[in-house]
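What follows is coords_34.csv (CSV, C-alpha atoms).
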chain,number,residue,atom,x,y,z
X,1,MET,CA,28.0,126.1,238.5
X,2,THR,CA,24.7,127.5,239.6
X,3,PRO,CA,25.1,130.6,241.7
X,4,PRO,CA,23.5,130.6,245.1
X,5,LEU,CA,20.1,132.2,245.5
X,6,ILE,CA,20.2,135.5,247.2
X,7,PHE,CA,16.5,135.8,247.6
X,8,PRO,CA,14.1,133.1,248.8
X,9,ILE,CA,11.7,131.6,246.2
X,10,TYR,CA,8.1,132.1,247.1
X,11,ILE,CA,5.6,129.6,245.7
X,12,ALA,CA,2.4,131.3,244.7
X,13,MET,CA,-0.6,129.8,246.6
X,14,ARG,CA,-4.3,130.3,246.4
X,15,ARG,CA,-5.3,132.4,249.4
X,16,ILE,CA,-8.3,131.3,251.4
X,17,TYR,CA,-10.7,134.1,252.1
X,18,LEU,CA,-12.8,133.6,255.3
X,19,ASP,CA,-13.6,137.2,256.1
X,20,TYR,CA,-17.0,137.6,254.4
X,21,ASN,CA,-18.4,139.6,257.3
X,22,ALA,CA,-15.8,142.3,256.6
X,23,THR,CA,-16.6,142.3,252.9
X,24,CYS,CA,-18.1,139.6,250.6
X,25,PRO,CA,-16.6,138.8,247.2
X,26,ILE,CA,-18.8,140.5,244.7
X,27,PHE,CA,-21.3,138.4,242.7
X,28,PRO,CA,-20.5,138.1,238.9
X,29,GLU,CA,-24.1,139.4,238.3
X,30,ALA,CA,-23.3,142.5,240.3
X,31,VAL,CA,-20.1,143.2,238.4
X,32,THR,CA,-22.0,142.8,235.1
X,33,ALA,CA,-24.8,145.1,236.2
X,34,ALA,CA,-22.4,147.7,237.5
X,35,ALA,CA,-20.3,147.6,234.4
X,36,ASN,CA,-23.3,147.9,232.1
X,37,ALA,CA,-24.6,150.9,234.1
X,38,MET,CA,-21.2,152.5,234.1
X,39,ALA,CA,-21.1,152.3,230.3
X,40,HIS,CA,-24.2,154.4,230.2
X,41,THR,CA,-24.0,158.2,230.1
X,42,GLY,CA,-26.7,160.1,232.0
X,43,ASN,CA,-27.5,161.7,235.3
X,44,ALA,CA,-30.6,160.2,236.9
X,45,SER,CA,-31.8,163.7,237.8
X,46,SER,CA,-31.8,164.9,234.2
X,47,ILE,CA,-35.1,165.0,232.3
X,48,HIS,CA,-33.8,164.2,228.8
X,49,ALA,CA,-33.7,160.7,227.4
X,50,ASP,CA,-30.3,159.8,228.7
X,51,GLY,CA,-31.3,161.0,232.2
X,52,ARG,CA,-34.5,159.0,232.0
X,53,ALA,CA,-32.6,155.9,231.1
X,54,ALA,CA,-30.3,156.4,234.1
X,55,ARG,CA,-33.3,156.9,236.3
X,56,LYS,CA,-34.7,153.6,235.1
X,57,ILE,CA,-31.6,151.8,236.2
X,58,VAL,CA,-31.9,153.4,239.7
X,59,GLU,CA,-35.6,152.6,240.0
X,60,ASP,CA,-35.3,149.0,238.8
X,61,ALA,CA,-32.5,148.5,241.4
X,62,ARG,CA,-34.7,150.1,244.0
X,63,GLU,CA,-37.4,147.5,243.4
X,64,GLN,CA,-34.8,144.7,243.6
X,65,VAL,CA,-33.4,145.9,246.9
X,66,ALA,CA,-37.0,146.3,248.2
X,67,LYS,CA,-37.7,142.7,247.5
X,68,LEU,CA,-34.7,141.7,249.7
X,69,ALA,CA,-36.0,143.8,252.6
X,70,GLY,CA,-39.7,142.8,252.1
X,71,VAL,CA,-40.9,146.4,251.4
X,72,ARG,CA,-42.1,148.6,248.6
X,73,GLY,CA,-39.6,150.5,246.5
X,74,ALA,CA,-40.9,153.8,247.9
X,75,GLN,CA,-39.4,152.8,251.2
X,76,ILE,CA,-35.8,152.6,250.0
X,77,ILE,CA,-33.4,155.5,250.2
X,78,PHE,CA,-30.0,154.8,248.6
X,79,ASN,CA,-26.9,156.1,250.4
X,80,SER,CA,-23.2,155.2,250.9
X,81,GLY,CA,-23.9,152.4,253.3
X,82,ALA,CA,-25.2,151.5,256.7
X,83,THR,CA,-22.8,153.7,258.6
X,84,GLU,CA,-24.4,156.7,256.8
X,85,GLY,CA,-27.8,155.2,257.4
X,86,ASN,CA,-27.3,154.7,261.1
X,87,ASN,CA,-25.8,158.2,261.5
X,88,THR,CA,-28.7,159.7,259.6
X,89,ILE,CA,-31.3,158.3,261.9
X,90,LEU,CA,-29.4,158.9,265.1
X,91,SER,CA,-28.8,162.5,264.1
X,92,GLY,CA,-32.6,163.1,264.4
X,93,PHE,CA,-32.5,162.0,268.1
X,94,ALA,CA,-29.6,164.1,269.3
X,95,ASP,CA,-31.6,165.7,272.1
X,96,LYS,CA,-33.6,162.6,273.1
X,97,LEU,CA,-33.1,159.5,275.1
X,98,VAL,CA,-31.9,156.5,273.0
X,99,LEU,CA,-31.5,152.9,274.1
X,100,VAL,CA,-28.9,150.9,272.3
X,101,SER,CA,-27.6,147.4,272.6
X,102,PRO,CA,-24.0,147.3,274.0
X,103,VAL,CA,-22.9,145.0,271.1
X,104,GLU,CA,-23.8,147.4,268.3
X,105,HIS,CA,-21.5,148.4,265.4
X,106,PRO,CA,-19.4,151.6,266.1
X,107,SER,CA,-21.5,153.4,263.5
X,108,VAL,CA,-24.3,153.2,266.1
X,109,LEU,CA,-22.3,153.4,269.4
X,110,GLU,CA,-20.2,156.4,268.3
X,111,ALA,CA,-23.2,158.3,266.8
X,112,THR,CA,-25.6,158.1,269.8
X,113,PRO,CA,-26.4,161.2,271.8
X,114,THR,CA,-25.2,161.9,275.3
X,115,THR,CA,-28.5,160.7,276.7
X,116,THR,CA,-27.9,157.0,275.9
X,117,GLU,CA,-28.6,153.9,277.9
X,118,PHE,CA,-27.7,150.3,277.2
X,119,LEU,CA,-30.1,147.5,276.7
X,120,PRO,CA,-29.7,144.6,279.1
X,121,LEU,CA,-27.7,141.7,277.6
X,122,LYS,CA,-27.7,138.0,278.5
X,123,SER,CA,-24.4,136.1,278.7
X,124,ASP,CA,-25.3,134.3,275.4
X,125,GLY,CA,-25.1,137.7,273.6
X,126,THR,CA,-28.9,138.2,273.1
X,127,ILE,CA,-31.0,141.0,274.6
X,128,ASP,CA,-32.7,140.0,277.9
X,129,LEU,CA,-36.3,140.6,277.0
X,130,ASP,CA,-37.6,140.4,280.6
X,131,LYS,CA,-35.2,143.0,281.8
X,132,PHE,CA,-35.9,145.1,278.8
X,133,GLU,CA,-39.6,145.2,279.6
X,134,VAL,CA,-38.7,146.4,283.1
X,135,VAL,CA,-36.4,149.1,281.7
X,136,MET,CA,-39.3,150.3,279.4
X,137,GLU,CA,-41.6,150.6,282.4
X,138,THR,CA,-39.3,153.2,284.0
X,139,SER,CA,-37.8,154.8,280.9
X,140,SER,CA,-39.2,156.7,278.0
X,141,PRO,CA,-36.8,156.5,275.1
X,142,ALA,CA,-37.6,158.1,271.8
X,143,LEU,CA,-35.5,155.5,269.9
X,144,VAL,CA,-34.3,151.9,270.5
X,145,ALA,CA,-31.4,150.8,268.3
X,146,VAL,CA,-30.7,147.1,268.0
X,147,GLN,CA,-28.9,145.1,265.3
X,148,LEU,CA,-30.4,142.0,263.7
X,149,VAL,CA,-27.1,140.1,263.5
X,150,ASN,CA,-23.8,140.8,265.2
X,151,SER,CA,-20.8,141.1,262.9
X,152,GLU,CA,-18.4,139.4,265.3
X,153,THR,CA,-20.4,136.6,266.7
X,154,GLY,CA,-23.2,136.1,264.2
X,155,ILE,CA,-25.7,136.1,267.0
X,156,ILE,CA,-29.3,136.9,266.0
X,157,GLN,CA,-31.2,139.3,268.2
X,158,PRO,CA,-35.0,138.9,268.8
X,159,VAL,CA,-35.7,142.1,267.0
X,160,ALA,CA,-39.4,141.5,266.5
X,161,ASP,CA,-39.9,141.0,270.2
X,162,ILE,CA,-37.8,144.0,271.1
X,163,ALA,CA,-39.7,146.2,268.6
X,164,ARG,CA,-43.0,145.0,270.1
X,165,ILE,CA,-42.0,146.0,273.6
X,166,ALA,CA,-40.5,149.3,272.4
X,167,LYS,CA,-43.5,150.3,270.3
X,168,ALA,CA,-45.9,149.5,273.1
X,169,LYS,CA,-44.3,152.4,275.0
X,170,GLY,CA,-44.1,154.7,272.0
X,171,ALA,CA,-40.5,154.3,271.0
X,172,LEU,CA,-39.3,154.1,267.4
X,173,VAL,CA,-36.9,151.3,266.5
X,174,LEU,CA,-33.7,151.4,264.3
X,175,CYS,CA,-32.4,148.0,263.1
X,176,ASP,CA,-28.9,147.6,261.6
X,177,ALA,CA,-29.4,144.6,259.4
X,178,VAL,CA,-26.1,144.7,257.6
X,179,GLN,CA,-25.0,141.2,258.7
X,180,ALA,CA,-28.4,139.7,258.2
X,181,ALA,CA,-29.0,140.5,254.5
X,182,GLY,CA,-28.3,137.5,252.3
X,183,ARG,CA,-27.8,135.3,255.4
X,184,ILE,CA,-31.4,135.1,256.7
X,185,ALA,CA,-34.7,136.3,255.4
X,186,ILE,CA,-35.6,139.9,256.2
X,187,ASP,CA,-39.2,141.0,256.4
X,188,PHE,CA,-39.4,144.6,257.4
X,189,LYS,CA,-43.1,144.5,258.4
X,190,GLU,CA,-42.6,141.3,260.4
X,191,LEU,CA,-39.7,142.8,262.3
X,192,GLY,CA,-41.9,145.7,263.3
X,193,VAL,CA,-39.1,148.2,263.1
X,194,ASP,CA,-39.3,151.8,261.8
X,195,TYR,CA,-35.8,152.1,260.2
X,196,LEU,CA,-33.5,149.5,258.8
X,197,THR,CA,-30.0,149.9,257.3
X,198,LEU,CA,-28.2,147.8,254.7
X,199,SER,CA,-24.7,147.7,253.0
X,200,ALA,CA,-24.4,145.9,249.7
X,201,HIS,CA,-20.8,144.8,250.0
X,202,LYS,CA,-21.6,142.5,253.0
X,203,PHE,CA,-23.5,140.1,250.8
X,204,GLY,CA,-22.1,140.3,247.3
X,205,GLY,CA,-22.7,143.8,246.1
X,206,PRO,CA,-20.3,146.7,245.4
X,207,GLN,CA,-18.6,148.6,248.2
X,208,GLY,CA,-19.8,152.1,249.0
X,209,ILE,CA,-23.5,151.7,248.4
X,210,GLY,CA,-26.3,150.9,250.9
X,211,ALA,CA,-29.8,151.7,251.7
X,212,LEU,CA,-32.0,153.1,254.5
X,213,VAL,CA,-35.4,151.4,254.7
X,214,PHE,CA,-38.1,153.3,256.5
X,215,ARG,CA,-41.7,152.9,257.5
X,216,GLU,CA,-43.9,155.0,255.3
X,217,GLY,CA,-45.4,158.0,256.9
X,218,LEU,CA,-42.4,158.8,259.2
X,219,GLN,CA,-40.6,162.1,259.4
X,220,MET,CA,-37.1,161.3,258.1
X,221,PRO,CA,-34.0,163.1,259.5
X,222,LYS,CA,-31.8,164.6,256.8
X,223,PHE,CA,-28.1,164.0,257.0
X,224,MET,CA,-26.9,165.0,253.5
X,225,ARG,CA,-28.2,168.3,252.2
X,226,GLY,CA,-27.8,170.2,249.0
X,227,GLY,CA,-29.9,168.4,246.4
X,228,GLY,CA,-33.3,166.9,245.7
X,229,GLN,CA,-32.1,163.3,245.1
X,230,GLU,CA,-33.7,160.3,246.7
X,231,LYS,CA,-37.1,162.0,247.3
X,232,ARG,CA,-35.2,165.0,248.8
X,233,GLN,CA,-34.1,162.7,251.6
X,234,ARG,CA,-30.4,162.2,250.6
X,235,ALA,CA,-28.6,164.8,248.6
X,236,GLY,CA,-25.9,163.9,246.1
X,237,THR,CA,-25.8,162.4,242.6
X,238,GLU,CA,-26.8,158.8,242.7
X,239,ASN,CA,-24.0,156.3,242.1
X,240,ILE,CA,-25.8,154.5,239.3
X,241,ALA,CA,-23.3,151.8,238.7
X,242,ALA,CA,-23.1,150.8,242.4
X,243,ILE,CA,-26.9,151.0,242.7
X,244,ALA,CA,-27.3,148.6,239.7
X,245,GLY,CA,-24.8,146.2,241.3
X,246,PHE,CA,-26.7,146.4,244.6
X,247,GLY,CA,-29.9,145.5,242.9
X,248,ALA,CA,-28.4,142.6,241.1
X,249,ALA,CA,-26.8,141.3,244.2
X,250,SER,CA,-30.1,141.6,246.1
X,251,ILE,CA,-31.8,139.3,243.6
X,252,ARG,CA,-29.0,136.8,243.6
X,253,ALA,CA,-28.9,136.7,247.4
X,254,LEU,CA,-32.6,136.3,247.7
X,255,GLU,CA,-32.9,133.6,245.2
X,256,ASN,CA,-30.0,131.6,246.6
X,257,LEU,CA,-30.9,132.1,250.3
X,258,GLU,CA,-32.0,128.5,251.1
X,259,ASP,CA,-29.0,126.9,249.4
X,260,TYR,CA,-26.7,129.5,251.1
X,261,GLN,CA,-28.0,128.6,254.5
X,262,SER,CA,-27.7,124.8,254.1
X,263,ARG,CA,-24.2,125.1,252.6
X,264,CYS,CA,-22.9,127.4,255.2
X,265,THR,CA,-24.4,125.4,258.0
X,266,ALA,CA,-22.5,122.3,256.8
X,267,LEU,CA,-19.3,124.3,256.4
X,268,ARG,CA,-19.6,125.8,259.9
X,269,ALA,CA,-20.1,122.4,261.5
X,270,LYS,CA,-17.1,121.0,259.7
X,271,LEU,CA,-15.0,124.1,260.7
X,272,GLU,CA,-15.9,124.2,264.3
X,273,SER,CA,-15.3,120.5,264.7
X,274,ALA,CA,-11.9,120.8,263.2
X,275,LEU,CA,-11.0,123.9,265.3
X,276,ARG,CA,-12.0,122.2,268.5
X,277,THR,CA,-9.9,119.2,267.6
X,278,ALA,CA,-6.9,121.5,267.2
X,279,ALA,CA,-7.5,123.1,270.6
X,280,ASN,CA,-9.8,121.3,273.0
X,281,ASP,CA,-10.0,124.4,275.3
X,282,LEU,CA,-11.3,126.5,272.4
X,283,ILE,CA,-14.4,128.6,273.2
X,284,ILE,CA,-16.9,129.0,270.5
X,285,VAL,CA,-18.7,132.3,271.2
X,286,GLY,CA,-22.5,132.1,271.1
X,287,GLU,CA,-22.4,128.4,270.4
X,288,ASN,CA,-25.8,127.8,272.0
X,289,ALA,CA,-27.4,131.1,270.9
X,290,PRO,CA,-29.2,131.6,267.6
X,291,ARG,CA,-26.5,132.4,265.0
X,292,VAL,CA,-26.3,133.0,261.2
X,293,ALA,CA,-24.8,130.0,259.5
X,294,ASN,CA,-21.7,131.6,258.1
X,295,THR,CA,-20.1,133.0,261.3
X,296,THR,CA,-17.8,131.4,263.8
X,297,ASP,CA,-16.1,133.4,266.5
X,298,VAL,CA,-13.5,131.5,268.6
X,299,ILE,CA,-11.4,132.3,271.6
X,300,LEU,CA,-8.0,130.6,271.9
X,301,PRO,CA,-7.1,131.1,275.6
X,302,ASN,CA,-3.7,132.8,276.2
X,303,ALA,CA,-3.1,133.6,272.6
X,304,SER,CA,-3.4,137.2,271.4
X,305,ALA,CA,-5.7,137.8,268.4
X,306,GLU,CA,-2.9,139.8,266.8
X,307,THR,CA,-0.5,136.9,266.9
X,308,GLN,CA,-3.1,134.5,265.6
X,309,LEU,CA,-4.2,136.8,262.8
X,310,MET,CA,-0.6,137.3,261.5
X,311,ALA,CA,0.1,133.5,261.7
X,312,MET,CA,-3.0,132.7,259.7
X,313,ASP,CA,-2.2,135.4,257.2
X,314,LEU,CA,1.2,133.9,256.7
X,315,GLU,CA,-0.5,130.5,256.1
X,316,GLY,CA,-2.5,132.2,253.3
X,317,VAL,CA,-5.8,132.4,255.2
X,318,SER,CA,-7.7,135.7,255.6
X,319,VAL,CA,-9.7,135.8,258.8
X,320,SER,CA,-10.5,138.7,261.2
X,321,SER,CA,-9.8,139.5,264.7
X,322,GLY,CA,-12.6,139.8,267.2
X,323,SER,CA,-11.0,142.9,268.4
X,324,ALA,CA,-11.2,146.5,267.1
X,325,CYS,CA,-7.9,147.7,265.7
X,326,SER,CA,-7.0,151.3,266.3
X,327,SER,CA,-3.7,153.0,265.4
X,328,GLY,CA,-2.0,149.6,265.1
X,329,THR,CA,-3.0,148.4,268.5
X,330,PHE,CA,-5.5,145.7,269.3
X,331,LYS,CA,-8.1,146.4,272.0
X,332,PRO,CA,-10.5,143.9,273.6
X,333,SER,CA,-13.6,143.3,271.7
X,334,HIS,CA,-16.4,145.5,273.1
X,335,VAL,CA,-18.9,142.7,272.0
X,336,LEU,CA,-17.2,140.0,274.0
X,337,ALA,CA,-16.7,142.3,277.0
X,338,ALA,CA,-20.4,143.1,277.0
X,339,MET,CA,-21.1,139.3,277.0
X,340,GLY,CA,-19.0,138.9,280.1
X,341,TYR,CA,-15.7,137.6,278.8
X,342,SER,CA,-12.5,138.7,280.5
X,343,ALA,CA,-10.2,141.3,278.8
X,344,ASP,CA,-7.7,138.5,278.0
X,345,GLU,CA,-10.4,136.4,276.4
X,346,ALA,CA,-11.7,139.4,274.5
X,347,ARG,CA,-8.2,139.9,273.1
X,348,SER,CA,-7.9,136.3,272.0
X,349,ALA,CA,-10.8,135.9,269.5
X,350,LEU,CA,-10.7,135.1,265.8
X,351,ARG,CA,-13.7,135.4,263.5
X,352,PHE,CA,-14.2,133.0,260.5
X,353,SER,CA,-16.9,134.0,258.1
X,354,THR,CA,-17.9,132.1,255.0
X,355,GLY,CA,-20.1,132.7,252.0
X,356,TRP,CA,-21.1,131.9,248.5
X,357,ALA,CA,-17.7,131.1,247.1
X,358,THR,CA,-16.4,129.1,250.1
X,359,THR,CA,-15.5,125.5,249.4
X,360,ASP,CA,-15.1,122.4,251.5
X,361,ALA,CA,-11.4,122.5,250.6
X,362,ASP,CA,-11.2,126.0,251.9
X,363,ILE,CA,-12.5,124.9,255.3
X,364,GLU,CA,-10.2,121.9,255.4
X,365,ASN,CA,-7.1,123.9,254.5
X,366,ALA,CA,-8.0,126.7,256.9
X,367,ALA,CA,-8.5,124.2,259.7
X,368,ASN,CA,-5.2,122.6,259.0
X,369,ALA,CA,-3.5,126.0,259.0
X,370,TYR,CA,-5.1,126.7,262.4
X,371,ALA,CA,-4.0,123.4,263.8
X,372,ARG,CA,-0.4,124.2,262.8
X,373,MET,CA,-0.7,127.6,264.3
X,374,VAL,CA,-1.9,126.2,267.6
X,375,SER,CA,0.9,123.6,267.7
X,376,ARG,CA,3.5,126.3,267.2
X,377,LEU,CA,2.0,128.6,269.8
X,378,ARG,CA,1.8,125.9,272.4
X,379,LYS,CA,5.2,124.3,272.0
Reformat the file's structure so that it appears as structure tokens.
Amino acid sequence: MTPPLIFPIYIAMRRIYLDYNATCPIFPEAVTAAANAMAHTGNASSIHADGRAARKIVEDAREQVAKLAGVRGAQIIFNSGATEGNNTILSGFADKLVLVSPVEHPSVLEATPTTTEFLPLKSDGTIDLDKFEVVMETSSPALVAVQLVNSETGIIQPVADIARIAKAKGALVLCDAVQAAGRIAIDFKELGVDYLTLSAHKFGGPQGIGALVFREGLQMPKFMRGGGQEKRQRAGTENIAAIAGFGAASIRALENLEDYQSRCTALRAKLESALRTAANDLIIVGENAPRVANTTDVILPNASAETQLMAMDLEGVSVSSGSACSSGTFKPSHVLAAMGYSADEARSALRFSTGWATTDADIENAANAYARMVSRLRK
């Protein structure tokens, strides 16, 4: 006689990863480049042959990242990521007036000086340019900080117009372009900004590596001190392997941009249609605003994001809450609050973000899982 099972049997299933805006699966090319660099012995600051070989890896990658941003290699400073880059620039304006958008990443919002004012926001999540012009008539900020793409909603800001207005009044402009890289074309000169920050892991590179892009001729704040690396702008031995992976990912993202956009646009349309079928009162955040193709942020009224997130996780689907999680408690999304959504609505958002490895089957299965979740929640 077969003895009864004491423990349940779990059938392994392929998880569906739809959280690319948190971190993107790394490109195979980036893995290969990082592994090859890791196998090399040498400090890029050393002057012997091994050091020069390491330096070549760094400088080749610098040119690759520069192509992604539309700049010269001399305008790239490697660092640990956009959080460091944003903090670096903001540290140079500690005693000056800074204007920031209210939907910025915490690495901007929590690093701003006490003399900070918010840019006016429209209900669709974009900066109100008419009101911004009025603000600039009566205010004299030293710096304006505005993201190119929002991480929660995917909404694209009119950065070139914002920069034009700001520069006309003598303000410098910092642009967090983390969620734009690999999703839309980036042309630093066309944007008209002075500083731009990137993180490799958001579009297929390694984690823990990023870049600060700057307009040539500017005085750069120093955040990391104690060495002459990165043109004496960022102390610390270069992470050669991660830098190599960053460079390889930049080339892959740039070369595949058009295909990426068309694929993700089709996937988004399919996903949003299915989600709306599952819940006809669903709110698609920024639906009528310019958005990157890979991001869908939805509000399911009267259903907490925490409950939805756990339910989807149990279904084998990795998505993200539109809320910030702190010490195990969910707080309303500051992005949605700034857009005028109620606290309950801001607590009820889920973000789906797709990318280079997402398939039609992933979208279909995730949508089916969402429909089952909605059915259970609304019994």
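Nearest residue to X:Phe352, choosing from X:Val65, X:Ala22, X:Leu143, X:Ala166 and counting all atoms listed in the file: X:Ala22.
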Report the closest atom pair, with its distance in Å rounded to one decimal, for each residue of stretch 43-143 of chain X that has an atom no farther than 12 Å from stretch 331-335 of chain X; count all atoms listed in the file, sort by chain and then rising residue number, and write it as CSV.
residue,atom,partner,partner_atom,distance
X:Ser101,CA,X:Val335,CA,9.9
X:Pro102,CA,X:Val335,CA,7.2
X:Val103,CA,X:Val335,CA,4.7
X:Glu104,CA,X:Val335,CA,7.7
X:His105,CA,X:Val335,CA,9.1
X:Pro106,CA,X:His334,CA,9.8
X:Leu109,CA,X:His334,CA,10.5
X:Leu121,CA,X:Val335,CA,10.5
X:Lys122,CA,X:Val335,CA,11.9
X:Ser123,CA,X:Val335,CA,10.9
X:Asp124,CA,X:Val335,CA,11.1
X:Gly125,CA,X:Val335,CA,8.1
X:Thr126,CA,X:Val335,CA,11.0
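Of note, atom CA of X:Ala94 and atom CA of X:Val193 are spaced 19.5 Å apart.
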Residues within 8 Å of stretch 76-82 of chain X, only C-alpha atoms, excluding chain neighbours under 2 positions, as a VMD selection string: chain X and resid 62 65 to 66 72 to 74 84 to 86 107 176 178 197 to 200 208 to 214 230 233 to 234 238 243
For stretch 28-41 of chain X, list every protein, DNA or RNA residue within 6 Å, evaluated using all atoms listed in the file, and leave out those in the same chain fewer than 4 positions away; present the list as a ChimeraX atom specification. /X:205,241-242,244-245,248-249
*Do a neighbour search on X:Pro113 at 8 Å with all atoms listed in the file, toss out local chain neighbours closer than 3 positions, and write the hits as a PyMOL selection string.*
chain X and resi 90+93-98+116
Go ahead and save the picked residues with C-alpha atoms, as a PDB file, in the coordinates of the input.
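Final output, selection.pdb:
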ATOM      1  CA  LEU X  90     -29.400 158.900 265.100  1.00  0.00           C
ATOM      2  CA  PHE X  93     -32.500 162.000 268.100  1.00  0.00           C
ATOM      3  CA  ALA X  94     -29.600 164.100 269.300  1.00  0.00           C
ATOM      4  CA  ASP X  95     -31.600 165.700 272.100  1.00  0.00           C
ATOM      5  CA  LYS X  96     -33.600 162.600 273.100  1.00  0.00           C
ATOM      6  CA  LEU X  97     -33.100 159.500 275.100  1.00  0.00           C
ATOM      7  CA  VAL X  98     -31.900 156.500 273.000  1.00  0.00           C
ATOM      8  CA  THR X 116     -27.900 157.000 275.900  1.00  0.00           C
TER       9      THR X 116
END
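As for atom CA of X:Met136 and atom CA of X:Asn87, they are spaced 23.8 Å apart.
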Taken to one decimal, the atom CA of X:Arg225-atom CA of X:Gly51 distance is 21.5 Å
